[in-house]
Amino acid sequence: RVSFRYVPDHEATVLALQVDGSDELRDTFMAYRLIKRGWFGLSEDVEKKALLKQAKKSLSDLASEASCTGCLACLCCACNLVVRCCQSLLMPELYHLFDGSLDLDECFAIITSRLTMTKWCFRIGGWMMMFIGLYSLFSPFLNLIKVIPFLG
């Protein structure tokens with residue numbers, strides 16, 4: 001799959017993980033993803049290696065790490081499906097490019113405003129699934145009330 005991206009020749013703000021270019025003479029940017037730091041944190045070198053290792057993982061690798069494995073994986077099929085979809089659509093990472101020179105607070109304000117619509121779509125979808133599930137659960141009782149008139 002080939003993709004082309006155009007970045008105009010003017011000031012830009014990059015919010016990502018800066019890493020050394022392996023084959024190139026220039027540094028490059030990768031996605032800044034969450035890592036486990038433990039109770040007492042990590043040393044700077046160990047943290048850099050963990051961030052680089054996490055940034056090099058593909059979305060399918062991250063989804064397979066998040067899903068249930070082992071002998072109980074067949075029981076969690078629906079959960080694994082939801083985890084894989086959410087992991088590919090809602091990856092918690094910082095990998096953004098903004099026009100102009102912005103400070104950190106402005107960058108996070110823009111990211112927050114972009115995610116507002118996604119948040120409300122998931123809220124509405126969750127409420128709809130909960131309504132359908134509860135209606136399906138209690139529909140036999142509604143039919144029972146219709147069949148037996150002295151209960152209703």
# chains A, B, ... in the order shown; residues from 1 in each chain; ligands from 1
call {"tool": "residues_around", "arguments": {"residues": "range 47-63 of chain A", "least_positions_apart": "5", "cutoff": "9 Å", "atoms": "only C-alpha atoms", "output": "PyMOL selection string"}}
result
chain A and resi 17+19+30-37+41-42+80+83-88+91
call {"tool": "write_last_selection", "arguments": {"atoms": "C-alpha atoms", "output": "mmCIF file, in the first residue's frame"}}
result
data_model
loop_
_atom_site.group_PDB
_atom_site.id
_atom_site.type_symbol
_atom_site.label_atom_id
_atom_site.label_comp_id
_atom_site.auth_asym_id
_atom_site.auth_seq_id
_atom_site.Cartn_x
_atom_site.Cartn_y
_atom_site.Cartn_z
ATOM 1 C CA LEU A 17 8.324 10.558 19.298
ATOM 2 C CA VAL A 19 13.937 8.792 16.934
ATOM 3 C CA MET A 30 7.194 7.668 15.177
ATOM 4 C CA ALA A 31 4.013 7.288 17.201
ATOM 5 C CA TYR A 32 4.391 8.011 20.921
ATOM 6 C CA ARG A 33 2.515 5.172 22.650
ATOM 7 C CA LEU A 34 1.932 4.224 26.263
ATOM 8 C CA ILE A 35 4.474 2.076 28.074
ATOM 9 C CA LYS A 36 4.520 0.462 31.507
ATOM 10 C CA ARG A 37 6.763 2.390 33.850
ATOM 11 C CA GLY A 41 9.667 4.582 37.033
ATOM 12 C CA LEU A 42 12.358 3.724 34.519
ATOM 13 C CA ASN A 80 -11.395 -10.246 21.473
ATOM 14 C CA VAL A 83 -10.722 -5.290 21.602
ATOM 15 C CA ARG A 84 -9.265 -5.672 18.109
ATOM 16 C CA CYS A 85 -11.718 -3.159 16.627
ATOM 17 C CA CYS A 86 -11.148 -0.626 19.382
ATOM 18 C CA GLN A 87 -7.395 -1.126 19.301
ATOM 19 C CA SER A 88 -7.239 -0.356 15.586
ATOM 20 C CA MET A 91 -5.142 3.701 19.431
#
call {"tool": "select_by_dssp", "arguments": {"residues": "range 36-103 of chain A", "states": "alpha helix (DSSP H)", "output": "number ranges by chain"}}
result
A: 44-55, 59-66, 77-89
call {"tool": "select_by_dssp", "arguments": {"residues": "chain A", "states": "strand (DSSP E or B)", "output": "short mmCIF file (atom, residue, chain, number, x, y, z; two decimals) with N, CA and C atoms, in the first residue's frame"}}
result
data_model
loop_
_atom_site.label_atom_id
_atom_site.label_comp_id
_atom_site.auth_asym_id
_atom_site.auth_seq_id
_atom_site.Cartn_x
_atom_site.Cartn_y
_atom_site.Cartn_z
N ALA A 12 5.73 24.27 11.11
CA ALA A 12 4.80 23.22 11.52
C ALA A 12 5.19 22.75 12.91
N THR A 13 4.22 22.23 13.62
CA THR A 13 4.45 21.67 14.94
C THR A 13 4.19 20.17 14.88
N VAL A 14 5.14 19.40 15.35
CA VAL A 14 5.03 17.95 15.34
C VAL A 14 4.91 17.47 16.78
N LEU A 15 3.90 16.65 17.03
CA LEU A 15 3.70 16.06 18.35
C LEU A 15 3.83 14.55 18.17
N LEU A 17 7.08 11.04 18.71
CA LEU A 17 8.32 10.56 19.30
C LEU A 17 9.43 10.72 18.27
N GLN A 18 10.47 11.49 18.60
CA GLN A 18 11.58 11.69 17.69
C GLN A 18 12.61 10.59 17.93
N VAL A 19 12.98 9.89 16.84
CA VAL A 19 13.94 8.79 16.93
C VAL A 19 15.02 8.98 15.88
N THR A 28 13.82 10.87 12.47
CA THR A 28 12.46 10.69 11.99
C THR A 28 11.50 10.69 13.18
N PHE A 29 10.22 10.63 12.89
CA PHE A 29 9.20 10.63 13.93
C PHE A 29 8.40 9.34 13.88
N MET A 30 8.04 8.84 15.06
CA MET A 30 7.19 7.67 15.18
C MET A 30 6.11 7.97 16.20
N TYR A 32 4.09 8.08 19.49
CA TYR A 32 4.39 8.01 20.92
C TYR A 32 3.26 7.24 21.58
N ARG A 33 3.54 6.04 22.07
CA ARG A 33 2.51 5.17 22.65
C ARG A 33 2.81 4.94 24.12
N GLU A 93 -2.27 7.13 21.04
CA GLU A 93 -0.93 7.50 20.61
C GLU A 93 -0.89 8.97 20.24
N LEU A 94 0.30 9.54 20.31
CA LEU A 94 0.52 10.91 19.88
C LEU A 94 1.34 10.86 18.60
N HIS A 96 0.90 13.57 15.60
CA HIS A 96 0.13 14.63 14.97
C HIS A 96 1.05 15.69 14.37
N LEU A 97 0.56 16.34 13.31
CA LEU A 97 1.26 17.43 12.66
C LEU A 97 0.29 18.60 12.56
N PHE A 98 0.72 19.77 13.01
CA PHE A 98 -0.12 20.96 13.02
C PHE A 98 0.54 22.06 12.20
N ASP A 99 -0.28 22.86 11.52
CA ASP A 99 0.24 24.01 10.79
C ASP A 99 0.63 25.11 11.76
#
